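> Sharing data.cif here; it has mmCIF, C-alpha atoms.
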```cif
data_structure
loop_
_atom_site.group_PDB
_atom_site.id
_atom_site.type_symbol
_atom_site.label_atom_id
_atom_site.label_comp_id
_atom_site.auth_asym_id
_atom_site.auth_seq_id
_atom_site.Cartn_x
_atom_site.Cartn_y
_atom_site.Cartn_z
ATOM 1 C CA MET R 755 3.120 20.904 -14.832
ATOM 2 C CA SER R 756 3.404 17.147 -14.454
ATOM 3 C CA THR R 757 6.743 15.643 -13.431
ATOM 4 C CA ILE R 758 8.478 12.658 -15.013
ATOM 5 C CA SER R 759 8.775 9.657 -12.718
ATOM 6 C CA MET R 760 10.345 6.241 -13.112
ATOM 7 C CA ASP R 761 8.097 3.248 -13.769
ATOM 8 C CA VAL R 762 9.027 0.022 -11.993
ATOM 9 C CA ILE R 763 8.955 -3.479 -13.472
ATOM 10 C CA TYR R 764 9.393 -6.227 -10.876
ATOM 11 C CA LEU R 765 9.093 -9.892 -9.971
ATOM 12 C CA ARG R 766 7.829 -10.901 -6.520
ATOM 13 C CA ASN R 767 8.850 -14.093 -4.719
ATOM 14 C CA LEU R 768 11.013 -15.671 -7.397
ATOM 15 C CA GLN R 769 12.056 -18.924 -5.704
ATOM 16 C CA LEU R 770 15.585 -20.209 -6.415
ATOM 17 C CA SER R 771 18.152 -22.371 -4.610
ATOM 18 C CA ALA R 772 21.583 -21.181 -3.498
ATOM 19 C CA VAL R 773 23.966 -21.387 -0.546
ATOM 20 C CA VAL R 774 24.279 -17.936 1.032
ATOM 21 C CA GLY R 775 26.206 -17.175 4.233
ATOM 22 C CA GLU R 776 25.349 -18.863 7.513
ATOM 23 C CA ASP R 777 22.131 -20.627 8.370
ATOM 24 C CA ALA R 778 19.328 -19.296 10.525
ATOM 25 C CA TRP R 779 21.135 -20.298 13.742
ATOM 26 C CA GLY R 780 24.551 -18.940 12.802
ATOM 27 C CA ARG R 781 24.378 -15.590 14.586
ATOM 28 C CA SER R 782 22.037 -13.160 16.290
ATOM 29 C CA ALA R 783 20.123 -10.556 14.322
ATOM 30 C CA GLY R 784 21.926 -7.636 15.966
ATOM 31 C CA ASN R 785 25.267 -6.773 17.496
ATOM 32 C CA SER R 786 23.950 -7.407 20.987
ATOM 33 C CA ASP R 787 21.881 -10.209 22.460
ATOM 34 C CA ASP R 788 20.982 -8.211 25.568
ATOM 35 C CA VAL R 789 17.257 -7.420 25.808
ATOM 36 C CA MET R 790 18.139 -4.109 27.485
ATOM 37 C CA ASP R 791 19.776 -2.951 24.232
ATOM 38 C CA THR R 792 16.582 -3.185 22.222
ATOM 39 C CA PHE R 793 12.929 -2.209 22.425
ATOM 40 C CA SER R 794 10.232 -4.559 23.648
ATOM 41 C CA TYR R 795 7.751 -5.365 20.884
ATOM 42 C CA GLY R 796 5.654 -6.918 23.642
ATOM 43 C CA ARG R 797 5.296 -3.488 25.238
ATOM 44 C CA MET R 798 4.486 -1.954 21.857
ATOM 45 C CA CYS R 799 1.736 -4.537 21.344
ATOM 46 C CA LYS R 800 0.276 -3.902 24.803
ATOM 47 C CA ASP R 801 0.361 -0.117 24.355
ATOM 48 C CA VAL R 802 -1.373 -0.179 20.971
ATOM 49 C CA THR R 803 -3.917 -2.780 22.068
ATOM 50 C CA ALA R 804 -4.869 -0.780 25.160
ATOM 51 C CA ALA R 805 -5.222 2.435 23.160
ATOM 52 C CA VAL R 806 -7.110 1.070 20.138
ATOM 53 C CA ASP R 807 -8.899 -2.207 20.878
ATOM 54 C CA GLY R 808 -12.629 -1.739 21.458
ATOM 55 C CA LYS R 809 -12.482 2.040 20.987
ATOM 56 C CA ASN R 810 -14.397 4.210 18.511
ATOM 57 C CA PHE R 811 -12.488 6.282 15.949
ATOM 58 C CA ALA R 812 -13.718 8.748 13.350
ATOM 59 C CA GLY R 813 -11.325 7.317 10.783
ATOM 60 C CA LEU R 814 -7.976 5.727 10.087
ATOM 61 C CA GLY R 815 -6.102 9.000 10.546
ATOM 62 C CA ALA R 816 -7.266 9.133 14.163
ATOM 63 C CA ILE R 817 -5.700 5.719 14.806
ATOM 64 C CA ASN R 818 -2.417 6.867 13.259
ATOM 65 C CA SER R 819 -2.466 9.905 15.563
ATOM 66 C CA VAL R 820 -3.031 7.770 18.666
ATOM 67 C CA VAL R 821 -0.103 5.514 17.775
ATOM 68 C CA GLY R 822 2.037 8.595 17.145
ATOM 69 C CA GLN R 823 1.301 9.820 20.673
ATOM 70 C CA LEU R 824 2.228 6.424 22.105
ATOM 71 C CA ALA R 825 5.535 6.536 20.238
ATOM 72 C CA GLU R 826 6.675 9.479 22.351
ATOM 73 C CA THR R 827 7.527 6.961 25.094
ATOM 74 C CA TRP R 828 9.119 4.394 22.764
ATOM 75 C CA ALA R 829 12.696 4.027 21.647
ATOM 76 C CA GLY R 830 13.798 4.433 18.048
ATOM 77 C CA GLU R 831 14.349 7.158 15.502
ATOM 78 C CA SER R 832 11.541 6.483 13.025
ATOM 79 C CA LEU R 833 8.149 4.837 13.045
ATOM 80 C CA GLU R 834 5.856 3.554 10.303
ATOM 81 C CA CYS R 835 2.224 2.964 11.212
ATOM 82 C CA GLN R 836 -0.270 1.274 8.927
ATOM 83 C CA ALA R 837 -3.916 1.377 9.981
ATOM 84 C CA LEU R 838 -5.804 -1.090 7.793
ATOM 85 C CA LEU R 839 -9.444 -2.086 7.419
ATOM 86 C CA PRO R 840 -9.043 -5.618 6.003
ATOM 87 C CA LYS R 841 -12.678 -5.841 4.921
ATOM 88 C CA GLY R 842 -13.373 -2.165 4.400
ATOM 89 C CA LEU R 843 -14.117 -2.409 0.669
ATOM 90 C CA LEU R 844 -15.857 -5.019 -1.461
ATOM 91 C CA ARG R 845 -13.691 -7.092 -3.835
ATOM 92 C CA VAL R 846 -10.563 -5.688 -2.190
ATOM 93 C CA GLU R 847 -8.723 -8.577 -0.564
ATOM 94 C CA GLY R 848 -5.930 -6.593 1.068
ATOM 95 C CA GLY R 849 -8.113 -3.892 2.558
ATOM 96 C CA PHE R 850 -8.176 -0.116 2.727
ATOM 97 C CA GLY R 851 -5.606 1.680 4.811
ATOM 98 C CA ARG R 852 -3.561 4.732 5.691
ATOM 99 C CA ASN R 853 0.199 4.599 6.161
ATOM 100 C CA THR R 854 2.071 7.242 8.126
ATOM 101 C CA VAL R 855 5.850 7.539 8.548
ATOM 102 C CA MET R 856 7.176 9.629 11.445
ATOM 103 C CA ARG R 857 10.655 10.603 12.596
ATOM 104 C CA ARG R 858 11.982 11.631 16.009
ATOM 105 C CA TYR R 859 13.502 15.128 16.094
ATOM 106 C CA GLY R 860 14.058 15.360 19.833
ATOM 107 C CA PRO R 861 12.844 14.048 23.189
ATOM 108 C CA ASN R 862 9.119 13.330 22.851
ATOM 109 C CA GLN R 863 9.077 15.105 19.479
ATOM 110 C CA TRP R 864 7.826 13.084 16.513
ATOM 111 C CA ARG R 865 6.949 14.682 13.195
ATOM 112 C CA PRO R 866 5.189 13.051 10.226
ATOM 113 C CA LEU R 867 7.389 12.631 7.171
ATOM 114 C CA SER R 868 4.814 11.193 4.793
ATOM 115 C CA SER R 869 1.358 9.701 4.692
ATOM 116 C CA GLN R 870 -0.558 7.843 2.027
ATOM 117 C CA TRP R 871 -3.853 6.092 1.416
ATOM 118 C CA THR R 872 -3.739 2.527 0.124
ATOM 119 C CA VAL R 873 -6.248 0.196 -1.515
ATOM 120 C CA GLN R 874 -4.598 -3.223 -1.575
ATOM 121 C CA ARG R 875 -5.247 -6.177 -3.867
ATOM 122 C CA ILE R 876 -8.295 -5.229 -5.900
ATOM 123 C CA LYS R 877 -9.151 -8.504 -7.621
ATOM 124 C CA ALA R 878 -10.250 -8.311 -11.257
ATOM 125 C CA ALA R 879 -10.091 -10.250 -14.532
ATOM 126 C CA CYS R 880 -9.322 -8.950 -17.997
ATOM 127 C CA ILE R 881 -7.871 -9.782 -21.394
ATOM 128 C CA ILE R 882 -4.134 -9.181 -20.987
ATOM 129 C CA GLY R 883 -1.104 -10.508 -22.869
ATOM 130 C CA VAL R 884 0.445 -10.809 -26.317
ATOM 131 C CA ASN R 885 0.167 -14.561 -26.952
ATOM 132 C CA PRO R 886 -2.816 -15.900 -28.930
ATOM 133 C CA HIS R 887 -4.120 -18.016 -26.056
ATOM 134 C CA GLU R 888 -3.997 -14.987 -23.749
ATOM 135 C CA ARG R 889 -6.385 -13.144 -26.045
ATOM 136 C CA LEU R 890 -9.085 -15.817 -25.674
ATOM 137 C CA TYR R 891 -9.856 -15.773 -21.946
ATOM 138 C CA LYS R 892 -9.729 -13.241 -19.154
ATOM 139 C CA GLN R 893 -6.896 -13.625 -16.658
ATOM 140 C CA ALA R 894 -6.813 -12.696 -12.991
ATOM 141 C CA VAL R 895 -4.891 -9.584 -11.968
ATOM 142 C CA SER R 896 -4.371 -7.865 -8.620
ATOM 143 C CA ILE R 897 -4.258 -4.066 -8.405
ATOM 144 C CA ASP R 898 -2.942 -1.793 -5.645
ATOM 145 C CA VAL R 899 -3.684 1.939 -5.578
ATOM 146 C CA ARG R 900 -1.657 4.366 -3.435
ATOM 147 C CA VAL R 901 -2.311 8.076 -3.093
ATOM 148 C CA PRO R 902 -0.122 10.473 -1.062
ATOM 149 C CA ASP R 903 -1.958 12.418 1.616
ATOM 150 C CA LYS R 904 -1.150 16.030 0.700
ATOM 151 C CA GLU R 905 -2.752 19.350 1.526
ATOM 152 C CA GLU R 906 -3.886 19.910 -2.037
ATOM 153 C CA GLY R 907 -5.437 16.463 -2.143
ATOM 154 C CA LEU R 908 -7.135 14.756 0.761
ATOM 155 C CA GLU R 909 -5.595 16.268 3.901
ATOM 156 C CA SER R 910 -8.566 18.511 4.647
ATOM 157 C CA HIS R 911 -11.024 15.679 5.350
ATOM 158 C CA PRO R 912 -9.024 12.466 5.780
ATOM 159 C CA SER R 913 -11.408 10.801 8.210
ATOM 160 C CA SER R 914 -14.845 11.817 6.979
ATOM 161 C CA VAL R 915 -17.579 9.415 5.956
ATOM 162 C CA GLU R 916 -17.609 11.053 2.531
ATOM 163 C CA ASN R 917 -13.957 10.130 2.143
ATOM 164 C CA HIS R 918 -14.662 6.456 2.805
ATOM 165 C CA LYS R 919 -17.467 6.563 0.259
ATOM 166 C CA MET R 920 -15.012 8.033 -2.213
ATOM 167 C CA TRP R 921 -12.649 5.105 -1.727
ATOM 168 C CA ARG R 922 -15.470 2.669 -2.429
ATOM 169 C CA THR R 923 -15.976 4.579 -5.667
ATOM 170 C CA VAL R 924 -12.234 4.373 -6.381
ATOM 171 C CA ALA R 925 -12.288 0.579 -6.030
ATOM 172 C CA HIS R 926 -15.431 0.260 -8.181
ATOM 173 C CA ALA R 927 -14.095 2.572 -10.907
ATOM 174 C CA THR R 928 -10.816 0.648 -10.995
ATOM 175 C CA LEU R 929 -12.691 -2.646 -11.360
ATOM 176 C CA GLN R 930 -14.808 -1.231 -14.186
ATOM 177 C CA THR R 931 -11.737 0.091 -16.003
ATOM 178 C CA VAL R 932 -9.850 -3.203 -15.726
ATOM 179 C CA GLU R 933 -12.650 -5.624 -16.519
ATOM 180 C CA THR R 934 -13.713 -3.780 -19.672
ATOM 181 C CA SER R 935 -10.137 -3.420 -20.933
ATOM 182 C CA SER R 936 -8.094 -5.410 -23.434
ATOM 183 C CA PHE R 937 -4.366 -4.637 -23.409
ATOM 184 C CA GLU R 938 -1.256 -6.534 -24.391
ATOM 185 C CA THR R 939 0.887 -5.177 -21.544
ATOM 186 C CA LEU R 940 0.403 -4.513 -17.846
ATOM 187 C CA GLU R 941 2.146 -1.171 -18.331
ATOM 188 C CA ALA R 942 -0.576 0.077 -20.677
ATOM 189 C CA LEU R 943 -3.306 -1.139 -18.320
ATOM 190 C CA ALA R 944 -1.665 0.579 -15.335
ATOM 191 C CA ALA R 945 -1.359 3.826 -17.303
ATOM 192 C CA GLN R 946 -5.051 3.647 -18.198
ATOM 193 C CA ILE R 947 -6.007 3.210 -14.533
ATOM 194 C CA CYS R 948 -3.812 6.139 -13.481
ATOM 195 C CA ALA R 949 -5.314 8.379 -16.160
ATOM 196 C CA MET R 950 -8.846 7.452 -15.092
ATOM 197 C CA LEU R 951 -8.151 8.078 -11.389
ATOM 198 C CA LEU R 952 -6.470 11.445 -11.979
ATOM 199 C CA GLU R 953 -9.319 12.551 -14.216
ATOM 200 C CA THR R 954 -12.097 11.367 -11.896
ATOM 201 C CA PHE R 955 -10.793 12.098 -8.382
ATOM 202 C CA PRO R 956 -8.989 15.045 -6.706
ATOM 203 C CA PHE R 957 -5.653 13.260 -6.474
ATOM 204 C CA PRO R 958 -2.410 15.204 -7.004
ATOM 205 C CA GLU R 959 -0.573 11.925 -7.619
ATOM 206 C CA VAL R 960 -1.426 8.245 -7.882
ATOM 207 C CA THR R 961 0.640 5.060 -7.902
ATOM 208 C CA VAL R 962 -0.820 1.915 -9.412
ATOM 209 C CA SER R 963 0.769 -1.526 -9.231
ATOM 210 C CA ILE R 964 -0.614 -4.556 -11.047
ATOM 211 C CA GLU R 965 0.412 -8.165 -10.549
ATOM 212 C CA LYS R 966 -0.340 -11.075 -12.843
ATOM 213 C CA PRO R 967 -0.065 -14.465 -11.110
ATOM 214 C CA SER R 968 0.035 -16.729 -14.168
ATOM 215 C CA ALA R 969 2.651 -15.074 -16.368
ATOM 216 C CA LEU R 970 5.811 -17.109 -15.615
ATOM 217 C CA ALA R 971 6.655 -20.517 -14.220
ATOM 218 C CA PHE R 972 8.425 -20.515 -10.819
ATOM 219 C CA VAL R 973 7.455 -16.885 -10.235
ATOM 220 C CA GLU R 974 4.584 -16.179 -7.876
ATOM 221 C CA PHE R 975 3.745 -12.854 -9.522
ATOM 222 C CA SER R 976 5.091 -10.626 -12.255
ATOM 223 C CA GLY R 977 4.069 -7.014 -12.096
ATOM 224 C CA VAL R 978 4.455 -3.365 -12.925
ATOM 225 C CA GLU R 979 4.268 -0.217 -10.811
ATOM 226 C CA ILE R 980 3.850 3.289 -12.194
ATOM 227 C CA THR R 981 3.322 6.737 -10.703
ATOM 228 C CA ARG R 982 1.573 9.594 -12.465
ATOM 229 C CA THR R 983 0.926 13.196 -11.393
ATOM 230 C CA ARG R 984 -1.301 15.989 -12.588
#
```
Translate this structure into structure tokens?


Amino acid sequence: MSTISMDVIYLRNLQLSAVVGEDAWGRSAGNSDDVMDTFSYGRMCKDVTAAVDGKNFAGLGAINSVVGQLAETWAGESLECQALLPKGLLRVEGGFGRNTVMRRYGPNQWRPLSSQWTVQRIKAACIIGVNPHERLYKQAVSIDVRVPDKEEGLESHPSSVENHKMWRTVAHATLQTVETSSFETLEALAAQICAMLLETFPFPEVTVSIEKPSALAFVEFSGVEITRTR
């Protein structure tokens, strides 16, 4: 039985002017300015670079696992790791990636809390909008697809070549759905993409966000995000 989830309508990077608090030099970011009270991001960079750079990995999940092992010697209570192939898919500007969130439960004990696959910024053009001029020409839109990595979905073969081929098909199918569509609202377009993905691929759940760059003055993007389940 499918569950009811909240859709999200949002604006990104609305630029306004206001006086808020102190300026950038007013105070330190934390309660302490002692380097011994924090964790060295320089060390984190060196650790990850040494473990990943120039190496061969079967897939993105393997990189997440390596970083998780490194985290056993790091400070902190939680860790989010995003392994991203910036040019892994055609016509996908943001890349193809896998995000993993882990939490520390004891000394040298990290457990994954969640993991998801992401296809970021699929670039397409379609007829979208309610105004007469918007019905004449296609407008650019940017689509993100996120799928949770669950046992009943993709957990069994997260790093296989076949899986990467599937994500190429996901990007292509999304492009085909968008560029042959004609909707008045982003919400309806997002729902159509979700329905297509759930029908075509073995996903237990899918989140689709769409941004439209030319909708409002002084707003970089307006957008919608929806989640649908089987």

> Give me the stretch 830-850 of chain R side of the contact with stretch 857-872 of chain R, cut-off 6 Å, one line per residue showing its nearest atom pair and distance in Å at one decimal, counting all atoms listed in the file, sorted by chain and residue number, as a Markdown table.


```
| residue | atom | partner | partner_atom | distance |
| --- | --- | --- | --- | --- |
| R:Glu831 | CA | R:Arg858 | CA | 5.1 |
| R:Ser832 | CA | R:Arg857 | CA | 4.2 |
| R:Phe850 | CA | R:Thr872 | CA | 5.8 |
```

> Kindly indicate which residue among R:Ile882, R:Ala812, R:Ala804, R:Leu844 lies nearest to R:Asn917, using all atoms listed in the file for the distances.

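Among R:Ile882, R:Ala812, R:Ala804, R:Leu844, it is R:Ala812 that comes nearest to R:Asn917.
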
> What would the selection look like, as a PyMOL selection string, if the PyMOL selection byres ((chain R and resi 836) around 12) were run on the coordinates I just shared?

chain R and resi 814-819+821-822+833-835+837-840+849-856+868-872

> Just checking: using all atoms listed in the file, which residue out of R:Val973, R:Tyr891, R:Lys877, R:Cys799 ends up closest to R:Gln930?

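Result for the nearest residue to R:Gln930: R:Lys877.
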
> When you draw a straight line from atom CA of R:His887 to atom CA of R:Leu943, how long is it in Å?

18.6 Å

> Please write the residues picked by the PyMOL selection byres ((chain R and resi 828) around 10) on this file as a PyMOL selection string.

chain R and resi 793-794+797-798+801+822-827+829-831+833+862

> Between R:Lys919, R:Ser935, R:Gly842, R:Val806, which one has atoms that come closest to R:Arg889, using all atoms listed in the file?

R:Ser935

> By how many Å are atom CA of R:Val924 and atom CA of R:Glu965 apart?

18.3 Å

> Using only the atoms of stretch 875-894 of chain R listed in the file, plus 6 Å on each side, state the axis-aligned box centre and edge lengths in Å rounded to one decimal, as JSON.


```
{"center_x": -4.9, "center_y": -11.6, "center_z": -16.4, "size_x": 22.7, "size_y": 24.8, "size_z": 37.1}
```

> Report the distance between atom CA of R:Glu933 and atom CA of R:Gln874 in Å, rounded to one decimal place.

17.1 Å

> Can you spell out as a PDB file with C-alpha atoms, in the frame of the given file the set of residues that the PyMOL selection byres ((chain R and resi 948) around 8) selects in the structure I just provided?


```pdb
ATOM      1  CA  ALA R 944      -1.665   0.579 -15.335  1.00  0.00           C
ATOM      2  CA  ALA R 945      -1.359   3.826 -17.303  1.00  0.00           C
ATOM      3  CA  GLN R 946      -5.051   3.647 -18.198  1.00  0.00           C
ATOM      4  CA  ILE R 947      -6.007   3.210 -14.533  1.00  0.00           C
ATOM      5  CA  ALA R 949      -5.314   8.379 -16.160  1.00  0.00           C
ATOM      6  CA  MET R 950      -8.846   7.452 -15.092  1.00  0.00           C
ATOM      7  CA  LEU R 951      -8.151   8.078 -11.389  1.00  0.00           C
ATOM      8  CA  LEU R 952      -6.470  11.445 -11.979  1.00  0.00           C
ATOM      9  CA  VAL R 960      -1.426   8.245  -7.882  1.00  0.00           C
ATOM     10  CA  THR R 961       0.640   5.060  -7.902  1.00  0.00           C
ATOM     11  CA  VAL R 962      -0.820   1.915  -9.412  1.00  0.00           C
ATOM     12  CA  THR R 981       3.322   6.737 -10.703  1.00  0.00           C
ATOM     13  CA  ARG R 982       1.573   9.594 -12.465  1.00  0.00           C
TER      14      ARG R 982
END
```

> As a PyMOL selection string, please: the residues near R:Asp898 (cut-off 8 Å, all atoms listed in the file, same-chain neighbours under 2 positions excluded).

chain R and resi 872-876+896+900+962-964

> Could you list, as a VMD selection string, every residue within 9 Å of R:Gly883, counting all atoms listed in the file and ignoring same-chain residues fewer than 3 positions away?

chain R and resid 886 to 889 936 to 940 969

> For R:Lys966, find every residue with an atom within 7 Å (counting all atoms listed in the file), except residues of its own chain fewer than 3 positions away, and show them as a PyMOL selection string.

chain R and resi 894-896+969+975-977

> With only C-alpha atoms as the basis for distance, which of R:Asp903, R:Asp807, R:Thr934, R:Gly813 is at the shortest distance from R:Cys880?

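Under the stated criterion, the closest residue is R:Thr934.
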
> List the residues sitting within 7 Å of (-11.6, -3.5, -9.3) in the file's frame, using all atoms listed in the file, as a VMD selection string.

chain R and resid 845 876 to 878 925 to 930 932

> Hey, which of R:Leu843, R:Val899, R:Leu890, R:Ile881 ends up closest to R:Arg922? Count only C-alpha atoms.

R:Leu843
